[in-house]
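Reviewing the structure listed below.
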Amino acid sequence: MIVVNCPNCGPRNSSDLRPCGELTPRPDPSTASLSEWRTYLYLRENPAGWVTETWYCRNGCRRYFTIQRNTATNEIRDSEAP
Amino acid sequence: MAKQGYRYSAGKLVKHGLTRGDWPRMWSRPEARSSYDVVIIGGGVHGLATAYYLAKEHGVTNVAVVEKGYLGGGGSGRNTAIVRSNYLTPEGVAFYDRSLDLYNSMAQNLNLNVMFSRRGHLTLAHTDSALRTMHWRAEVNKLQGIDSSVIDPQEVKKQAPSLDVSSGTRYPILGALHHPPGGIVRHDAVVWGYARAADHLGVHLLQETEVTDILCEGGVGPDGKGAGGRVTGVRTNRGDISTPAVVNCTAGWASLISNMAGVPLPITTHPLQAAVTEPCKVFLPTVVVSGSLHVYVSQTDRGELVFGASVDPVGTYRVNGTLEFTEELAGHVLELMPGISKMRLLRQWSGLCDMTPDYSPVMGTTQVDGYFVDVGWGTYGFKAGPVAGETMAETIATGRDADLIAPFTISRFTEGDLVGEKGAAAVGH
Amino acid sequence: MTGNRLPERPGEVIDRGTSLAFTWNGQGYTGYQGDTIASALAASGVEVFARSMKYKRRRGIMTADHWDPNLFVQVGDEPNVRAGSRCLVAGMEVSAQNVWPSLKFDVGAVNQMVGRFLTSGFYYKTFMRPKWFWHNVYQKVLRKFAPGGRIFWESSTHGAYDKRYAHPDVLVAGGGPAGMGAAIAAAEAGASVMLVEHEPELGGHLRWGDAADLAALAELTSAVEAHPGIEVVIDSTVTGRYDHNWMAVVQRSHEIAPERLIKARAASLVVAPGLIERPYVFAGNDTPGVMLSGAVRRLINLWAVKPGTRAVVLSANPEGDAAIADLEAAGVEIVAALDARAGEDIVEVEGRGRVDKVVLGDGRTVSADLVVIGIGWTAPTSLLNMAGDRPVYDPSAARYFPNQLPDGVLATGGITGNGTTDELVAHGRATGSLAASRALRSRHDRRVLAARARNPEGPKPEFLQDTRTPLARVPHPECYRSSTHGMVDLSEDVSSKDLVQASKEGFDSIELMKRYTTVTMGPSQGKLETVNASAVLAEARNMDMVDIGTTVWRPPYAPISLGALAGRIFEPIRRSALQDWHEAHGASPLLAGQWVRPDHYGDPVGEARNVRQNVGIIDVTPLGKLDLRGPDVTKLLELVYVNKWQKLDIGRVRYGTMVAEDGVVSDDGVTGRLGENHYLMTTTSSGAGAVWEMLEDYLQTYRPEWDVHVTAVTGGLTSINVAGPKCRELLLRLVEGVDLSPEAFPYFHVRRGSVAGVADCIIWRIGFTGELSYELHVPSGHALHVWESLLANGEDLGVRPFGVESQRILRLEKGHYIVGQDTDGLTKAPSAGLGGLVKLDKPDTLGLPELKAAYARTDLPMLVAIQPDDPQVVPMEAAQIVDGDSNRILGRITSSRMSPTLGRSVCLGQVDPSLAAAGTKVTILLIDGRRVTGTVQEHHAHVDPEGVRQNA
Amino acid sequence: MPDFKSPIAHGPVSAPDGVVRVEDETATAKIVVRAGSDSSAAADLSVPFGQSRLRADGTLVCGTRPDEWTLFAAVDRAAEVAASVDTEGFVSVVDITHGRAMMRVSGPKATAVLAKVCNIDLADDMTPDGAVFSGSVANVTCDLLRSDRAGDPSYLISCERSFGNYLFAALVDASTEFGAGLPAGLSIH
Ligand SMILES: Cc1cc2nc3c(=O)[nH]c(=O)nc-3n(C[C@H](O)[C@H](O)[C@H](O)COP(=O)(O)OP(=O)(O)OC[C@H]3O[C@@H](n4cnc5c(N)ncnc54)[C@H](O)[C@@H]3O)c2cc1C
Ligand SMILES: NC(=O)c1ccc[n+]([C@@H]2O[C@H](COP(=O)([O-])OP(=O)(O)OC[C@H]3O[C@@H](n4cnc5c(N)ncnc54)[C@H](O)[C@@H]3O)[C@@H](O)[C@H]2O)c1
Ligand SMILES: Cc1cc2nc3c(=O)[nH]c(=O)nc-3n(C[C@H](O)[C@H](O)[C@H](O)COP(=O)(O)O)c2cc1C
Ligand SMILES: [Zn+2]
């Protein structure tokens with residue numbers, strides 16, 4: 001059970017939050033081509049190393065925020081509101 | 001050097017016992033050549049089977065399987081070894097059924113007892129909607145000639161007497177999908193069987209060799225990678241190897257390898273955990289799976305219960321496991337079989353799974369010439385090892401995606417034609 | 001019964017005043033309070049406790065502790081009890097496991113004679129032909145040989161276990177001198193400490209030591225007990241260290257549960273597990289009577305049990321030497337005291353039920369009944385490995401040592417080096433202070449970060465550097481042997497010969513060797529085997545031990561019961577304010593997710609009919625309800641629903657469908673506008689949580705500038721659907737402040753008013769049943785009153801409650817689809833038959849590009865209503881629609897029921913677009929194999945497609 | 001208006017020696033206020049996230065989330081308390097009295113009871129008297145307030161109303177270690 005630092009609640013067990021995966025900015029749906037859209041939907045960098053990802057503080061402040069996590073070690077850096 | 005074509009049999013067992021003579025090596029530790037016709041990355045069941053069928057069926061023997069650790073050290077050596085073919089979609093059924101056929105004759109074909117135990121496979125339904133999905137699967141299966149049917153709680157009890165089928169429970173067992181041909185295989189033996197057979201046909205198994213880059217030319221990306229490019233070789237921690245064909249069979253590490261070729265994948269890597277208990281006298285004759293409780297369990301011939309669950313929600317390349325996996329697992333298993341609360345968990349471990357959005361693999365040719373993928377196996381790829389090897393070998397040898405894998409090529413993500421296994425495969429095994 | 005009990009020993013833990021009677025294999029025995037099962041049996045002369053797994057060899061005491069591979073017994077309905085550590089309890093029924101027919105005579109022992117054929121992995125090489133033989137015969141035989149105890153699966157203790165959380169600053173694993181020193185120093189530094197000891201008492205090896213050890217023990221124990229900052233947890237094992245120092249502690253003898261799991265988030269972990277004694281590999285090393293030095297010292301000093309009469313001792317260290325002294329004090333004759341440091345050795349032991357002869361390294365054969373081995377140690381680095389450390393082998397000390405530990409993990413005591421008790425305690429104390437300083441600093445950081453903790457006053461504690469004087473690494477001979485028939489893994493019956501053979505066959509890395517031979521895969525998980533196995537491989541490959549490595553240590557360090565892992569059964573159940581009423585009135589419960597709901601009240605068809613004819617009421621509280629407020633709610637609705645929301649007047653309600661970003665239908669429901677900036681949204685019951693989180697996601701991360709507040713009000717509003725031709729008449733009797741006339745309050749409108757005297761109810765005219773109906777949302781604290789009033793005031797109208805099953809019938813008659821049943825994970829909006837509802841000309845809506853692409857396609861399946869041509873045939877839900885007599889699948893039935901209104905079967909189904917036109921004949925494959933035809937209908941609604949009833 | 005009914009059908013449950021007591025407090029007015037931190041409502045409520053304050057009128061103001069407060073008062077004061085909030089700007093006031101079940105665990109062993117079912121560090125300096133936080137209690141998402149009574153720890157715990165009966169049972173179950181008995185008809189299973 002890793003500890004995730006919520007910018008509001010402080011350190012929390014990851015089970016109190018929902019991991020939402022790699023941060024993937026949403027293209028403008030009125031102008032995005034289908035292939036850009038599907039890149040957004042499906043393709044992921046999935047690195048073994050530092051990644052910026054979103055978490056939802058489900059059992060706490062109910063805020064979405066991003067953190068940096070190293071997927072090779074589960075080490076966690078700063079957290080920030082979106 | 002491994003002794004070529006040495007055949008195992010009961011007679012040999014007696015001979016070796018009497019003379020106390022050494023058995024020959026199952027495979028050798030060759031020196032790498034500077035070039036191969038095909039380099040397969042990943043020494044798991046997929047990589048080894050691909051190598052074996054390339055050599056056996058297509059006469060392509062100048063092949064290397066490059067493995068960064070030991071043979072079967074990835075998912076192939078840490079999976080719960082459940083095989084079945086009662087999938088939800090016709091594409092899935094046809095594919096996995098072929099694999100089951102290959103498993104069925106594997107011991108004879110590879111001359112190694114892979115201990116395929118066709119003990120039957122039960123997928124429990126605890127809700128109306130789960131029961132509906134079971135019926136759906138059974139109906140699709142029947143149309144494809146697969147032995148699969150929905151049974152009621154009394155019949156479930158007959159198949160697995162240790163299950164609590166009473167109605168007052170939090171997760172009542174309303175019925176189950178029963179698939180008699182499903183079962184378990186000795187997973188390591190499958191790896192070793194393919195390794196030994198491929199080695200005997202001349203394939204090089206290069207253990208402790210890690211691929212650090214894929215060399216390309218002509219592509220749109222940096223270093224000639226990406227769409228429109230062509231593979232020229234691989235770089236490893238032991239030097240470069242030139243080759244026109246590279247196959248990515250690295251499952252949990254698939255994205256890392258694919259990014260080296262400039263081919264991004266619709267994959268995220270999540271750990272899938274498993275655990276065994278201490279042995280007890282055998283009491284569970286079949287494989288039991290509960291999708292809504294996210295557990296599956298079988299008992300080995302040694303008496304241990306082998307458990308699995310669904311993937312961890314947090315994606316990571318770390319495989320050191322979590323406590324909450326064992327807690328949830330135990331809680332759910334005991335809902336099904338309250339009688340085993342005194343059994344003890346002996347060991348937990350985890351492996352990396354290459355999850356795709358539609359719970360189906362990504363196979364075949366890609367936008368880079370000579371770069372093939374056999375990835376996206378998620379939590380269910382062990383059972384597909386043989387057929388994946390067979391179809392990938394055909395694809396590499398002919399340069400054309402084999403028919404059985406046509407629904408699984410990477411283009412489905414650009415065309416928006418995902419495969420509909422998600423509903424059934426979530427914790428299918 | 002032979003009396004092996006010695007006169008009183010100074011450190012003994014038995015209470016000679018309290019005798020406990022128990023049985024062993026059906027025969028009566030007694031022991032003392034404080035005995036383990038094994039010590040009590042050994043005191044009574046029992047020498048053989050088990051048969052080995054493969055060869056069924058007799059096995060006796062080897063380590064006399066938890067890790068003893070030979071002391072697994074069945075106690076009552078509990079399998080695999082460790083007799084070496086389980087305390088004796090009066091009345092225990094203990095029996096040997098894995099024996100047939102009895103411990104004395106086991107048929108399987110013939111395997112010893114054919115042992116030469118049963119080399120590792122023999123089963124991979126045979127049993128392949130004929131094919132059926134494997135499954136039908138060989139495998140069944142193999143399964144009979146499965147080791148372990150028996151399960152009594154009728155007697156469950158599920159739910160009787162317990163758990164708790166803990167947040168110690170410092171968690172110390174191991175209560176020997178080093179661990180106690182660490183605990184005391186950490187507590188003195190102001191840290192909260194949890195000290196965990198695997199054995200039933202603190203003290204570690206001091207407990208079975210000499211007078212000086214016992215004195216040190218007494219002093220340390222009282223210091224620990226005196227400090228209020230230390231929580232001592234004994235007979236408990238730290239079984240796992242997970243990421244970020246999440247620790248699992250299993251507490252075995254807790255008064256309220258058979259086992260309790262403590263989950264501790266420790267700021268600092270101090271690992272002080274001491275060392276585990278390593279067996280020696282030689283022929284016959286598993287014969288009863290071959291014991292490790294620690295075993296004889298424990299037997300003699302803790303339980304006053306004489307382990308034998310004539311002993312050969314092989315010692316390579318002071319602990320081995322101390323065993324000689326203890327044996328002499330216990331009156332055991334020392335036949336030979338061999339010094340491994342001087343090259344003396346044991347070659348072979350003979351004897352069947354007990355050691356008889358010992359062949360020594362110098363060629364002599366002596367007779368003895370006890371062989372005591374003290375040749376070295378295994379460092380239990382398990383917890384350190386779990387913390388990411390890769391311990392390194394040091395040949396000069398013949399064991400592994402910690403290498404690189406993360407800041408939050410420190411090691412002390414025997415695992416880091418050797419020392420006198422004082423030195424161990426000093427090192428422990430230094431480690432404890434260091435651990436405390438790091439923990440207190442981390443605690444300070446946590447208080448700064450957590451809003452609830454308020455900012456701490458005082459400066460940030462300093463991060464002390466590690467200035468400890470390391471413990472010495474006393475040289476120790478490497479006592480390994482690979483060229484014998486000795487057992488390396490006693491639980492798995494794997495000999496060193498087996499390992500050498502495996503290496504020659506290509507299984508020449510430690511991990512492949514493990515998987516091929518199963519060495520280290522048994523209950524002790526390498527604690528006794530792993531170093532010997534590496535040594536054998538190193539010798540076989542002519543490599544250095546350092547380059548071989550070990551197999552991976554994984555949790556749990558000590559096995560833990562499934563019951564304890566499961567703990568109490570906390571499975572939340574949600575109940576509406578009316579559920580008690582439903583149950584009191586015969587409702588059969590339906591579990592839907594976490595909700596328990598009334599499926600029906602005994603007669604679902606009658607209940608459905610009553611809705612069409614009179615009036616029925618149903619509790620639909622689980623419908624997700626979200627209160628939306630703010631000036632930008634319309635923008636949010638435009639974004640998340642596929643249809644248009646701009647022109648929704650106050651007092652109106654609209655149906656909407658949601659799709660995900662991939663265009664797949666994800667949820668649906670109605671949303672009503674209650675005020676200028678105030679809306680109520682409903683979602684499906686199962687989708688309620690996900691929709692709420694999705695709205696928050698887009699509001700927080702995508703359009704943070706929009707002013708919308710979302711409040712979940714699902715349980716606060718009890719939702720009652722009042723449906724049927726007479727429902728208006730019923731409501732006229734109870735509703736105040738709302739004009740219910742069809743003109744003033746038409747279909748798809750919402751009003752607020754009081755019902756049965758309950759103010760502030762929301763009433764909207766919608767319904768899933770296709771009848772004239774009103775949905776009431778009543779403040780839940782008053783819901784029962786409203787429900788009972790509806791029933792009490794409508795008796796003459798025939799009002800009756802109806803359950804979920806009736807609603808399913810009614811909605812199907814009306815052709816309303818259910819997301820997740822009639823749609824699946826690939827159903828894009830056009831397939832659901834939403835037709836003109838979807839607006840593709842919006843600038844932004846979820847999944848817009850996919851929606852556009854989907855509407856451009858002609859090959860997507862379509863949801864249609866189907867009526868079987870034989871009105872009495874109700875195809876099962878999931879029945880496949882096929883191409884005539886072929887097996888080609890063209891669709892499936894997603895919903896089906898017998899319609900009481902029409903007196904015929906009705907269905908919804910997904911079909912290939914070629915079959916979607918009204919009037920098309922489809923072939924349905926029934927579950928019994930029959931193929932029947934059905935006809936695709938023009939409308940989804942089988943009953944009242946024009947909506948006359950609902951609009952009434 | 002008919003009587004207000006709680007989802008919890010059981011009176012207080014205590015250990016015989018009073019070391020822990022679990023009681024239903026659902027019948028409390030609960031008003032949730034959302035307002036930006038720069039609003040006058042926020043200034044008025046003047047409690048930061050994670051803390052609480054007893055207002056002179058007897059209303060307990062809790063900083064339940066960033067930009068969100070929950071106000072507790074006697075059940076018949078709901079409308080009055082809601083009306084007391086300054087709604088200048090973008091502010092919403094929702095009465096969730098019916099939407100949340102609420103219970104109190106108190107007594108010398110209250111912290112030990114809660115620590116069996118809640119993973120949050122409840123040490124005095126991490127979670128002092130007056131602290132407001134959210135977390136999982138026996139697998140249900142709850143809002144919690146530490147509000148000590150007579151020198152003993154005490155926690156007010158509120159959850160979605162439909163979980164109320166279950167959560168009460170779970171808390172009583174956790175209290176059995178300290179001597180409380182499960183009343184007839186109450187069980188977590
Ligand atoms: C706990 C668990 C339970 C499972 N249960 C089942 C089940 O019951 N049934 C089922 O069908 N499936 C199951 N699976 C899934 C199945 O194990 C995998 O899908 C399957 O093993 C994948 O095989 P593979 O050969 O593709 O990959 P792997 O066996 O993972 O092999 C990939 C190999 O690539 C190597 N590699 C990676 N990167 C490099 C590099 N840069 N250079 C060289 N080599 C590299 C790795 O070391 C690894 O050995 C389970 C998986 C897990 C983790
Ligand atoms: N037989 C002996 O006399 C003997 C045995 C071991 C060590 N020693 C010597 O004593 C010194 C070691 O002293 P020490 O204080 O480090 O060790 P110790 O062996 O005195 O105490 C360690 C304690 O830790 C406990 N323990 C181990 N793993 C645990 C876990 N995961 N959870 C909970 N408890 C756990 C053990 O039961 C043991 O009581 C060394 O120098 C060594 O040479 C002697
Ligand atoms: C089907 C199966 C059965 C297993 N049975 C055992 C077992 O009986 N004992 C054991 O120690 N490990 C068992 N393991 C786990 C392995 O020891 C090991 O943990 C796993 O292969 C992962 O490797 P790793 O722990 O070295 O990373 C089993 C693994 C599998 C896949
Ligand atoms: Zn938070």
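Here's how to read the names in the structure tokens: chain A, B, ... by the order shown, residue numbers from 1 in each chain, ligand numbers from 1 in the order shown.
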**Asked** What residues in chain D have any atom no more than 12 Å from chain A when counting only C-alpha atoms, and can you write them as a PyMOL selection string?
**Response** chain D and resi 48-51+63-69+118-121+126-127+131-137+139-144+159
Output N, CA and C atoms of each residue in that selection to a file, as a short mmCIF file (atom, residue, chain, number, x, y, z; two decimals), in the first residue's frame.
```cif
data_model
loop_
_atom_site.label_atom_id
_atom_site.label_comp_id
_atom_site.auth_asym_id
_atom_site.auth_seq_id
_atom_site.Cartn_x
_atom_site.Cartn_y
_atom_site.Cartn_z
N PRO D 48 -10.74 26.79 8.65
CA PRO D 48 -10.05 26.19 7.52
C PRO D 48 -10.40 24.71 7.38
N PHE D 49 -10.13 24.18 6.21
CA PHE D 49 -10.32 22.76 5.94
C PHE D 49 -9.55 21.94 6.98
N GLY D 50 -10.21 20.95 7.52
CA GLY D 50 -9.55 20.06 8.48
C GLY D 50 -9.78 20.45 9.93
N GLN D 51 -10.47 21.58 10.15
CA GLN D 51 -10.70 22.00 11.54
C GLN D 51 -12.16 22.32 11.78
N GLY D 63 -14.81 22.33 8.73
CA GLY D 63 -14.18 22.51 7.41
C GLY D 63 -13.98 21.16 6.77
N THR D 64 -15.04 20.64 6.11
CA THR D 64 -15.02 19.24 5.65
C THR D 64 -14.15 19.03 4.42
N ARG D 65 -14.05 20.02 3.57
CA ARG D 65 -13.22 19.89 2.37
C ARG D 65 -12.74 21.28 2.01
N PRO D 66 -11.79 21.39 1.12
CA PRO D 66 -11.43 22.73 0.68
C PRO D 66 -12.67 23.39 0.07
N ASP D 67 -12.98 24.59 0.48
CA ASP D 67 -14.16 25.32 -0.02
C ASP D 67 -15.48 24.62 0.31
N GLU D 68 -15.48 23.82 1.35
CA GLU D 68 -16.73 23.15 1.74
C GLU D 68 -16.79 23.04 3.26
N TRP D 69 -17.96 23.38 3.78
CA TRP D 69 -18.18 23.29 5.22
C TRP D 69 -19.42 22.47 5.50
N CYS D 118 -10.36 1.99 10.65
CA CYS D 118 -10.05 3.20 9.89
C CYS D 118 -8.54 3.36 9.85
N ASN D 119 -7.99 3.56 8.65
CA ASN D 119 -6.53 3.52 8.51
C ASN D 119 -5.84 4.83 8.84
N ILE D 120 -6.58 5.82 9.32
CA ILE D 120 -5.97 7.13 9.53
C ILE D 120 -5.26 7.19 10.88
N ASP D 121 -4.12 7.87 10.91
CA ASP D 121 -3.34 7.99 12.14
C ASP D 121 -4.10 8.88 13.12
N MET D 126 -1.54 14.02 15.44
CA MET D 126 -1.92 13.93 14.02
C MET D 126 -3.40 14.25 13.84
N THR D 127 -4.20 13.88 14.79
CA THR D 127 -5.64 14.09 14.71
C THR D 127 -6.12 14.64 16.05
N ALA D 131 -10.29 18.04 15.02
CA ALA D 131 -9.86 17.73 13.66
C ALA D 131 -11.03 17.19 12.84
N VAL D 132 -11.07 17.61 11.59
CA VAL D 132 -12.09 17.15 10.65
C VAL D 132 -11.39 16.45 9.51
N PHE D 133 -11.87 15.28 9.14
CA PHE D 133 -11.22 14.53 8.06
C PHE D 133 -12.20 13.55 7.45
N SER D 134 -11.82 13.01 6.33
CA SER D 134 -12.64 11.99 5.69
C SER D 134 -11.81 10.75 5.51
N GLY D 135 -12.46 9.63 5.50
CA GLY D 135 -11.72 8.39 5.34
C GLY D 135 -12.65 7.22 5.23
N SER D 136 -12.05 6.06 5.09
CA SER D 136 -12.86 4.86 5.00
C SER D 136 -12.99 4.26 6.39
N VAL D 137 -14.21 4.00 6.79
CA VAL D 137 -14.47 3.33 8.06
C VAL D 137 -15.21 2.04 7.74
N ASN D 139 -14.82 0.12 5.41
CA ASN D 139 -15.08 0.11 3.97
C ASN D 139 -16.20 1.03 3.51
N VAL D 140 -16.59 1.99 4.34
CA VAL D 140 -17.57 2.99 3.92
C VAL D 140 -16.89 4.37 3.99
N THR D 141 -17.08 5.17 2.98
CA THR D 141 -16.51 6.52 2.99
C THR D 141 -17.26 7.39 3.99
N CYS D 142 -16.53 7.99 4.90
CA CYS D 142 -17.17 8.76 5.96
C CYS D 142 -16.51 10.11 6.13
N ASP D 143 -17.27 11.04 6.70
CA ASP D 143 -16.70 12.28 7.20
C ASP D 143 -16.59 12.13 8.71
N LEU D 144 -15.45 12.53 9.25
CA LEU D 144 -15.25 12.35 10.69
C LEU D 144 -14.86 13.66 11.35
N CYS D 159 -21.99 9.11 7.39
CA CYS D 159 -21.86 8.39 6.13
C CYS D 159 -23.15 8.53 5.34
#
```
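Secondary structure by DSSP on the backbone puts the following residues of stretch 60-105 of chain B in strand (DSSP E): Val63, Ala64, Val65, Val66, Ile82 and Val83 of chain B.
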Create the file for the chosen residues now, containing N, CA, C and O atoms and written as a CSV table (one decimal), in the first residue's frame.
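part_2.csv was written with the following content:
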```csv
chain,number,residue,atom,x,y,z
B,63,VAL,N,17.6,-18.3,-35.7
B,63,VAL,CA,16.7,-17.5,-34.8
B,63,VAL,C,17.3,-17.4,-33.4
B,63,VAL,O,17.8,-18.4,-32.9
B,64,ALA,N,17.2,-16.2,-32.9
B,64,ALA,CA,17.6,-16.1,-31.5
B,64,ALA,C,16.5,-15.6,-30.6
B,64,ALA,O,15.7,-14.8,-31.0
B,65,VAL,N,16.3,-16.2,-29.4
B,65,VAL,CA,15.4,-15.7,-28.4
B,65,VAL,C,16.3,-15.0,-27.4
B,65,VAL,O,17.1,-15.7,-26.8
B,66,VAL,N,16.0,-13.7,-27.2
B,66,VAL,CA,16.9,-12.9,-26.3
B,66,VAL,C,16.1,-12.7,-25.1
B,66,VAL,O,15.0,-12.1,-25.1
B,82,ILE,N,-4.0,-21.4,-15.9
B,82,ILE,CA,-5.3,-21.8,-16.2
B,82,ILE,C,-5.5,-21.7,-17.7
B,82,ILE,O,-5.2,-20.7,-18.3
B,83,VAL,N,-6.0,-22.8,-18.3
B,83,VAL,CA,-6.3,-22.7,-19.8
B,83,VAL,C,-7.7,-23.1,-20.0
B,83,VAL,O,-8.3,-23.9,-19.3
```
**Prompt:** Quick one: distance from atom CA of C:Ser192 to atom CA of D:Ser14 in Å, one decimal?
**Reply:**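 One can read the atom CA of C:Ser192 to atom CA of D:Ser14 distance as 29.0 Å.
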**Request:** From chain A, collect each residue whose DSSP state is alpha helix (DSSP H) and return the set as a list in words.
**Result:**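 The alpha helix (DSSP H) subset of chain A is Leu34, Ser35, Glu36, Trp37, Arg38, Thr39, Tyr40, Leu41 and Tyr42 of chain A.
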**Request:** Kindly provide, as a count of residues only, all nucleotide and amino acid residues lying within 9 Å of ligand 3, counting only C-alpha atoms and all ligand atoms.
**Result:** 53
**Asked** For chain B, which residues have at least one atom within 6 Å of chain A, if we go by only C-alpha atoms? Write them as a VMD selection string, please.
**Response** chain B and resid 265 to 266 268 316 to 318
**Request:** Pick out the residues sitting within 12 Å of A:Thr31, and hand them over as a PyMOL selection string; count only C-alpha atoms, and ignore anything fewer than 6 positions along from it in its own chain.
**Result:** (chain A and resi 37) or (chain C and resi 842-844+848-849)
Export, as an mmCIF file, in the first residue's frame, the selected residues with N, CA and C atoms.
```
data_model
loop_
_atom_site.group_PDB
_atom_site.id
_atom_site.type_symbol
_atom_site.label_atom_id
_atom_site.label_comp_id
_atom_site.auth_asym_id
_atom_site.auth_seq_id
_atom_site.Cartn_x
_atom_site.Cartn_y
_atom_site.Cartn_z
ATOM 1 N N TRP A 37 -7.730 11.745 -31.844
ATOM 2 C CA TRP A 37 -8.646 11.366 -30.778
ATOM 3 C C TRP A 37 -8.330 9.973 -30.254
ATOM 4 N N LYS C 842 -22.973 19.765 -31.691
ATOM 5 C CA LYS C 842 -22.512 20.506 -30.520
ATOM 6 C C LYS C 842 -21.002 20.700 -30.625
ATOM 7 N N PRO C 843 -20.473 21.790 -30.057
ATOM 8 C CA PRO C 843 -19.029 21.990 -30.133
ATOM 9 C C PRO C 843 -18.268 20.971 -29.281
ATOM 10 N N ASP C 844 -18.876 20.565 -28.204
ATOM 11 C CA ASP C 844 -18.139 19.673 -27.316
ATOM 12 C C ASP C 844 -19.098 18.784 -26.555
ATOM 13 N N LEU C 848 -17.342 12.980 -28.788
ATOM 14 C CA LEU C 848 -17.914 13.552 -30.014
ATOM 15 C C LEU C 848 -17.293 12.994 -31.302
ATOM 16 N N PRO C 849 -15.963 12.955 -31.421
ATOM 17 C CA PRO C 849 -15.425 12.412 -32.680
ATOM 18 C C PRO C 849 -15.865 10.969 -32.920
#
```
**Asked** Which residue gives the smallest distance to chain B among C:Thr711, C:Gln74, C:Thr935, C:Thr126, with only C-alpha atoms counted?
**Response**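 Ranked by minimum distance to chain B, first place goes to C:Thr126.
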**Request:** Pick out the residues sitting within 12 Å of A:Ile67, and hand them over as a PyMOL selection string; count only C-alpha atoms, and ignore anything fewer than 5 positions along from it in its own chain.
**Result:** chain A and resi 3-7+19-23+50-56+74-82
**Asked** So what do you get for atom CA of C:Gln700 versus atom CA of C:Leu449, distance-wise?
**Response** 21.6 Å
**Asked** To one decimal place, how far is atom CA of C:His427 from atom CA of C:His244 in Å?
**Response**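 Taking atom CA of C:His427 and atom CA of C:His244, their separation equals 24.7 Å.
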